[in-house]
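To start, the structure itself, in structure tokens.
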Amino acid sequence: MSYRPSSARRQQTSINPITGEKIDYSKKVHFIKDQTIPIIPSLDLSGVNDSDRQPPPSAKQYHGSARPGSAHGGVNARLGSHRPESRAYGNFDHQQAIYTNRHGNILQNTQYDLNPDRVPSMDIQIVPPPRPVSSRSQRALSTRLPDSVRPAMILDGNSGFTPRTPFISSINSPIDEFQLAWLESGNHQDSLKKVAAEEKNEQRKHELMTEQVLSDQLSRYVLSDLEQEDERHKPITIQQQPRRNLDRRMHNTKVKTSTSLTENLLSKRIRFSCRILTRDGKDALRDLFGFYFMLDRTLAVYEYRILGKRSNALPLIPRGQYVHLSGYNQGQPYTLFDFYHGAHIDFETRSIMSLPESVCHRTKLTISIISINEEEKQTLLLDGVQDVKRREILYAIKHPYSTEQLEHQRYLADIYQLTRPQIKQRALIVYTSLAAFYRKRANINHDEKDTICICEKEDLLSGLHEYKIHLSAGHFAYVWSHMTIQGEANEFLNLLFGELNEKRFAQVIKAYSKLDPSKTGYTDMDTMKKFVNLYGHPYAIQHHLSDEKLWTHFCDTFRFALHYPHVSYSEFLNVYEGLNISVDQDDDFIHLVNNTWNI
């Protein structure tokens, strides 16, 4: 049987197997070409307006049918459909404005009044989309300036911003008013975000420094162990062995001794950030961090330095066991309870040979702890402690200050309540003028540029009388008796008006680090002009002052400096110690410093 391929041409006819009907595919489907049947017109909206309540003219040819495909004419009739129209849901007559059911009867309460005068026309207003706000306008909108002094660009329209009460309305001094005006510009939230980002960078830096300190500690004591000297004191014997069997090390050094440390032994430690308490800019700018090891109650302090592109941890105070130099625990070694935020640790300089020359001339070196991880401290103290003593340790952690320290803080708080209200409206000008007054009265060797300003008791009292600051004899005697260095003017001002807390002090240090990158302890007005944010000052934004007058007003703040236009670190710190009295909130003070120096 031969195979015959099927034709590629489609069959023209076929037979239905059920009905036997012959279907011819060659014939095309012809629709009814009745020109009398109306065709559905296109939708015309040109005549539609707000008051047009009548149905369009094209709706009349459907003879009251709500759907075009009705029996009276429409798509069904045009296509020759035999399906009858269903009136199950009723129809709406556009001419009479009534509803009828499927039997054609008018339904009750379905007649509507389409009188356009009865229903008012809808008032539709097209609201344009909001215009994009520029970054400059956003910064201006975020300021705290009152509407009366805002730039004109943010007064066009309702900004929806409710300004706070003007901060500088009660300031009497023009110098104070100029410096505090930086609070009224810029974005406070941006300043806080920058501080949070810097804290993360500090955490990464500390982790890097921890690795370098551990490697230094693990290798240092192996090389300096006394067991390394035993091999050197043995008598030298002539070895008769071949040369290849001899010990070919350059020096006889043991890799590990019996008393050498391991990383596991040094794992029980705590890290803290600290700074030197001094008015010398060279030492105040040192970035320090310390380690306390629970293994043998030893303490070490390192300095973070960047040499080229590499960061190093250089030892400032070598690891050793140090004791209290004063107070109730005098002569006892430091314990982990002595390390908390704001604690002061004292060292005798004569027993430390690695200190810089700027510190060696003092009898005592004091460091202040800036930050410490309290969770790690609690974990180390509670490790292996019984439940009976656990409550006592937790109480000691939460209350680190002694009774004497708490009484001292309460007494100083009473002094602050007496002195601060007297100069709050002119704090900056009074504080800096007092500092300049005491520098002129003090016995200072200007060639050595000594930062210690020691005055007599009569000079301190005359300065208070000169600037009309009233202080009782008992309060003055208390301040005089609690000074670390008798007659030191800067310490006297700190005890009298309060000092910067660590959070505020850190921002001031960052600002001064930009002005003195070489850490010389001095800067000048030309360097300040490069970094100060004069164009972000409200007077510049509002075009109240020219650039020359803005710079003149800024220079007036530092004219109290002893070697003007050169400004020392101590004099720079006096400016923000005065502003510290006027600004109550820490966030406002941080924004003031950041906005002034573009930090």
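Order determines the names: the first chain of the structure tokens is A, the second B, and so forth; residues in each chain are numbered 1 upward, and ligands are numbered 1 upward as they are shown.
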
Self-check item: A:Leu208 surroundings by only C-alpha atoms, 9 Å radius, close-in-sequence under 5 positions cut, as a list in words
Solution: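 Skipping anything fewer than 5 positions along the chain leaves Gln203, Val213 and Ser311 of chain A.
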
Using N, CA, C and O atoms, can you export the residues from the last selection as a compact mmCIF listing (two decimals), in the first residue's frame?
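The result, written out as again-v4.txt:
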# COMPACT_ATOMS: atom_id res chain seq x y z
N GLN A 203 33.80 53.46 67.22
CA GLN A 203 33.74 52.06 67.61
C GLN A 203 34.65 51.21 66.74
O GLN A 203 35.34 50.31 67.24
N VAL A 213 46.89 46.53 70.55
CA VAL A 213 47.30 46.50 71.95
C VAL A 213 47.52 45.06 72.41
O VAL A 213 48.49 44.76 73.13
N SER A 311 47.43 53.72 61.05
CA SER A 311 47.08 54.11 62.42
C SER A 311 47.79 53.17 63.39
O SER A 311 47.81 51.95 63.18

Quiz item: Which residues, written as a VMD selection string, have at least one atom at most 6 Å from stretch 427-435 of chain A, with only C-alpha atoms counted and residues fewer than 6 positions away on the same chain left out?
Solution: chain A and resid 176 578 to 579

Quiz item: Near stretch 284-286 of chain A, within 12 Å and counting only C-alpha atoms, which residues show up once chain neighbours fewer than 3 positions away are dropped, as a ChimeraX atom specification?
Solution: /A:273-281,289,301-306,313-314,316,356,358-359,366-368,451,505-506,508-522,569-570,573

Could those selected residues go to a file with C-alpha atoms, as a short mmCIF file (atom, residue, chain, number, x, y, z; two decimals), in the first residue's frame?
data_model
loop_
_atom_site.label_atom_id
_atom_site.label_comp_id
_atom_site.auth_asym_id
_atom_site.auth_seq_id
_atom_site.Cartn_x
_atom_site.Cartn_y
_atom_site.Cartn_z
CA SER A 273 38.24 56.23 76.25
CA CYS A 274 39.95 58.96 78.22
CA ARG A 275 41.67 62.34 77.99
CA ILE A 276 44.27 64.28 79.96
CA LEU A 277 42.91 67.02 82.23
CA THR A 278 45.00 69.99 81.17
CA ARG A 279 44.75 73.44 79.60
CA ASP A 280 47.67 72.72 77.29
CA GLY A 281 46.49 72.14 73.74
CA PHE A 289 42.16 54.93 75.35
CA VAL A 301 46.93 53.74 78.51
CA TYR A 302 47.67 54.07 74.79
CA GLU A 303 47.55 56.97 72.37
CA TYR A 304 45.93 56.72 68.95
CA ARG A 305 48.07 58.25 66.23
CA ILE A 306 47.96 58.29 62.46
CA ALA A 313 48.60 52.51 69.14
CA LEU A 314 51.57 54.02 70.99
CA LEU A 316 51.65 56.44 76.91
CA PRO A 356 56.04 63.46 77.11
CA SER A 358 55.00 68.67 78.55
CA VAL A 359 53.65 66.41 81.32
CA THR A 366 45.11 63.09 85.85
CA ILE A 367 43.04 61.45 83.15
CA SER A 368 39.26 61.62 82.84
CA THR A 451 48.90 77.55 80.37
CA PHE A 505 33.65 68.87 75.44
CA ALA A 506 34.06 66.26 72.69
CA VAL A 508 34.68 71.52 71.17
CA ILE A 509 37.76 69.30 70.76
CA LYS A 510 36.65 68.32 67.26
CA ALA A 511 36.26 71.97 66.32
CA TYR A 512 39.67 72.94 67.68
CA SER A 513 41.31 69.94 65.98
CA LYS A 514 40.34 71.46 62.62
CA LEU A 515 41.95 74.76 63.58
CA ASP A 516 45.14 73.20 65.00
CA PRO A 517 45.92 70.05 63.00
CA SER A 518 49.59 70.10 64.06
CA LYS A 519 48.58 70.07 67.75
CA THR A 520 50.71 73.05 68.70
CA GLY A 521 48.20 74.45 71.20
CA TYR A 522 47.74 77.71 69.25
CA TYR A 569 43.61 76.38 73.22
CA SER A 570 42.72 77.59 76.71
CA LEU A 573 37.91 76.79 75.44
#

Quiz prompt | In stretch 326-521 of chain A, DSSP strand (DSSP E or B) residues written as a list in words | solution =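 Secondary structure check on stretch 326-521 of chain A, strand (DSSP E or B): Gln330, Pro333, His344, Ile345, Asp346, Phe347, Glu348, Lys364, Leu365, Thr366, Ile367, Ser368, Ile369, Ile370, Ser371, Ile372, Ile454 and Glu488 of chain A.
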
Write a file of the just-selected residues containing all heavy atoms, as a short mmCIF file (atom, residue, chain, number, x, y, z; two decimals), in the first residue's frame.
data_model
loop_
_atom_site.label_atom_id
_atom_site.label_comp_id
_atom_site.auth_asym_id
_atom_site.auth_seq_id
_atom_site.Cartn_x
_atom_site.Cartn_y
_atom_site.Cartn_z
N GLN A 330 43.38 55.96 99.53
CA GLN A 330 44.76 56.32 99.22
C GLN A 330 45.71 55.17 99.55
O GLN A 330 45.67 54.58 100.63
CB GLN A 330 45.17 57.56 100.02
CG GLN A 330 46.56 58.07 99.71
CD GLN A 330 46.88 59.35 100.45
OE1 GLN A 330 46.04 59.86 101.20
NE2 GLN A 330 48.08 59.88 100.25
N PRO A 333 45.37 49.81 95.38
CA PRO A 333 45.37 49.73 93.90
C PRO A 333 43.97 49.98 93.34
O PRO A 333 42.95 49.74 94.00
CB PRO A 333 45.86 48.31 93.63
CG PRO A 333 45.55 47.54 94.86
CD PRO A 333 45.67 48.50 96.01
N HIS A 344 38.06 60.14 87.54
CA HIS A 344 39.40 60.70 87.41
C HIS A 344 40.41 59.69 87.96
O HIS A 344 40.27 59.22 89.09
CB HIS A 344 39.53 62.03 88.14
CG HIS A 344 38.71 63.12 87.53
ND1 HIS A 344 38.57 64.38 88.10
CD2 HIS A 344 37.98 63.16 86.38
CE1 HIS A 344 37.81 65.14 87.34
NE2 HIS A 344 37.42 64.42 86.29
N ILE A 345 41.42 59.38 87.16
CA ILE A 345 42.48 58.45 87.55
C ILE A 345 43.78 59.23 87.62
O ILE A 345 44.17 59.90 86.65
CB ILE A 345 42.61 57.28 86.55
CG1 ILE A 345 41.23 56.65 86.29
CG2 ILE A 345 43.59 56.24 87.04
CD1 ILE A 345 40.60 56.02 87.50
N ASP A 346 44.47 59.14 88.77
CA ASP A 346 45.71 59.90 89.00
C ASP A 346 46.92 58.98 88.89
O ASP A 346 46.88 57.81 89.31
CB ASP A 346 45.67 60.55 90.39
CG ASP A 346 44.53 61.54 90.54
OD1 ASP A 346 44.15 62.14 89.52
OD2 ASP A 346 44.02 61.70 91.67
N PHE A 347 48.02 59.54 88.36
CA PHE A 347 49.29 58.83 88.22
C PHE A 347 50.42 59.74 88.70
O PHE A 347 50.38 60.96 88.48
CB PHE A 347 49.55 58.42 86.77
CG PHE A 347 48.49 57.54 86.17
CD1 PHE A 347 47.42 58.10 85.47
CD2 PHE A 347 48.56 56.17 86.30
CE1 PHE A 347 46.45 57.30 84.91
CE2 PHE A 347 47.58 55.36 85.74
CZ PHE A 347 46.52 55.92 85.06
N GLU A 348 51.41 59.14 89.31
CA GLU A 348 52.62 59.88 89.67
C GLU A 348 53.54 59.93 88.45
O GLU A 348 53.91 58.88 87.91
CB GLU A 348 53.34 59.22 90.84
CG GLU A 348 52.72 59.53 92.19
CD GLU A 348 53.54 58.97 93.33
OE1 GLU A 348 54.39 58.09 93.08
OE2 GLU A 348 53.33 59.41 94.48
N LYS A 364 51.76 65.23 89.22
CA LYS A 364 50.64 64.30 89.08
C LYS A 364 49.98 64.48 87.73
O LYS A 364 49.82 65.61 87.25
CB LYS A 364 49.62 64.53 90.21
CG LYS A 364 48.45 63.57 90.19
CD LYS A 364 47.51 63.80 91.36
CE LYS A 364 46.82 65.13 91.29
NZ LYS A 364 45.79 65.29 92.34
N LEU A 365 49.64 63.38 87.11
CA LEU A 365 48.91 63.38 85.84
C LEU A 365 47.53 62.80 86.08
O LEU A 365 47.39 61.70 86.64
CB LEU A 365 49.66 62.55 84.78
CG LEU A 365 48.92 62.32 83.45
CD1 LEU A 365 48.73 63.62 82.70
CD2 LEU A 365 49.67 61.31 82.59
N THR A 366 46.49 63.52 85.65
CA THR A 366 45.11 63.09 85.85
C THR A 366 44.45 62.88 84.51
O THR A 366 44.52 63.75 83.63
CB THR A 366 44.32 64.13 86.67
OG1 THR A 366 44.99 64.38 87.90
CG2 THR A 366 42.92 63.63 86.95
N ILE A 367 43.81 61.73 84.35
CA ILE A 367 43.04 61.45 83.15
C ILE A 367 41.57 61.31 83.54
O ILE A 367 41.25 60.87 84.65
CB ILE A 367 43.53 60.18 82.41
CG1 ILE A 367 43.30 58.94 83.27
CG2 ILE A 367 44.98 60.31 82.01
CD1 ILE A 367 43.57 57.64 82.54
N SER A 368 40.70 61.71 82.62
CA SER A 368 39.26 61.62 82.84
C SER A 368 38.68 60.61 81.85
O SER A 368 39.00 60.65 80.66
CB SER A 368 38.60 62.99 82.64
OG SER A 368 37.19 62.90 82.74
N ILE A 369 37.84 59.73 82.35
CA ILE A 369 37.24 58.69 81.51
C ILE A 369 36.04 59.29 80.78
O ILE A 369 35.10 59.80 81.40
CB ILE A 369 36.81 57.47 82.36
CG1 ILE A 369 38.05 56.82 82.98
CG2 ILE A 369 36.06 56.46 81.51
CD1 ILE A 369 37.75 55.62 83.85
N ILE A 370 36.09 59.23 79.45
CA ILE A 370 35.03 59.80 78.62
C ILE A 370 33.89 58.81 78.44
O ILE A 370 32.71 59.15 78.59
CB ILE A 370 35.60 60.23 77.27
CG1 ILE A 370 36.70 61.28 77.46
CG2 ILE A 370 34.50 60.78 76.36
CD1 ILE A 370 37.40 61.66 76.17
N SER A 371 34.22 57.58 78.12
CA SER A 371 33.19 56.56 77.87
C SER A 371 33.74 55.20 78.26
O SER A 371 34.95 54.95 78.17
CB SER A 371 32.76 56.56 76.39
OG SER A 371 33.85 56.23 75.56
N ILE A 372 32.83 54.33 78.68
CA ILE A 372 33.19 52.96 79.07
C ILE A 372 31.96 52.09 78.86
O ILE A 372 30.82 52.56 79.00
CB ILE A 372 33.67 52.92 80.53
CG1 ILE A 372 34.24 51.54 80.87
CG2 ILE A 372 32.58 53.31 81.48
CD1 ILE A 372 34.93 51.49 82.23
N ILE A 454 48.01 81.22 87.71
CA ILE A 454 47.85 81.21 89.16
C ILE A 454 47.72 82.65 89.66
O ILE A 454 48.56 83.50 89.36
CB ILE A 454 49.04 80.51 89.84
CG1 ILE A 454 49.12 79.05 89.36
CG2 ILE A 454 48.92 80.56 91.36
CD1 ILE A 454 50.29 78.29 89.93
N GLU A 488 44.54 78.67 90.73
CA GLU A 488 44.49 78.50 89.26
C GLU A 488 43.18 79.09 88.75
O GLU A 488 42.10 78.66 89.14
CB GLU A 488 44.59 77.02 88.91
CG GLU A 488 45.31 76.74 87.59
CD GLU A 488 44.45 77.09 86.38
OE1 GLU A 488 43.28 76.71 86.38
OE2 GLU A 488 44.97 77.71 85.44
#

Self-check item: Non-local contacts of A:Leu192 (9 Å; only C-alpha atoms; under 5 positions in same chain excluded) as number ranges by chain
Solution: A: 197, 587, 590-591

Residues from last step as file, N, CA, C and O atoms, as an mmCIF file, in the first residue's frame:
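And here's result-v8.cif as it stands now:
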data_model
loop_
_atom_site.group_PDB
_atom_site.id
_atom_site.type_symbol
_atom_site.label_atom_id
_atom_site.label_comp_id
_atom_site.auth_asym_id
_atom_site.auth_seq_id
_atom_site.Cartn_x
_atom_site.Cartn_y
_atom_site.Cartn_z
ATOM 1 N N ALA A 197 26.909 59.083 63.484
ATOM 2 C CA ALA A 197 27.816 58.450 62.523
ATOM 3 C C ALA A 197 29.253 58.454 63.029
ATOM 4 O O ALA A 197 30.000 57.479 62.831
ATOM 5 N N ASP A 587 21.866 68.963 73.055
ATOM 6 C CA ASP A 587 21.672 68.918 71.601
ATOM 7 C C ASP A 587 21.812 70.306 70.983
ATOM 8 O O ASP A 587 22.371 70.452 69.886
ATOM 9 N N ILE A 590 25.563 71.146 70.888
ATOM 10 C CA ILE A 590 26.256 70.409 69.822
ATOM 11 C C ILE A 590 25.947 71.024 68.467
ATOM 12 O O ILE A 590 26.839 71.179 67.608
ATOM 13 N N HIS A 591 24.695 71.401 68.256
ATOM 14 C CA HIS A 591 24.339 72.046 66.986
ATOM 15 C C HIS A 591 25.025 73.404 66.850
ATOM 16 O O HIS A 591 25.429 73.786 65.742
#

Exercise. Show which residues sit within 10 Å of stretch 378-387 of chain A, as number ranges by chain. Count only C-alpha atoms, and ignore same-chain residues fewer than 4 positions away.
Key: A: 268-270, 294, 336-337, 373-374, 391-394, 397-398

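Take atom CA of A:Arg439 and atom CA of A:Cys453: the distance between them is 6.2 Å.
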
Quiz item: A:Thr596, A:Asn580, A:Gln417, A:Ser219: which is nearest A:Lys529, counting only C-alpha atoms?
Solution: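 Under the stated criterion, the closest residue is A:Thr596.
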
Quiz item: Using only C-alpha atoms, which residues sit within 12 Å of A:Thr557 once same-chain residues fewer than 3 positions away are excluded, as a PyMOL selection string?
Solution: chain A and resi 173-180+428-433+525+550-554+560-561+564-565+567+571-572+574-576+578-579
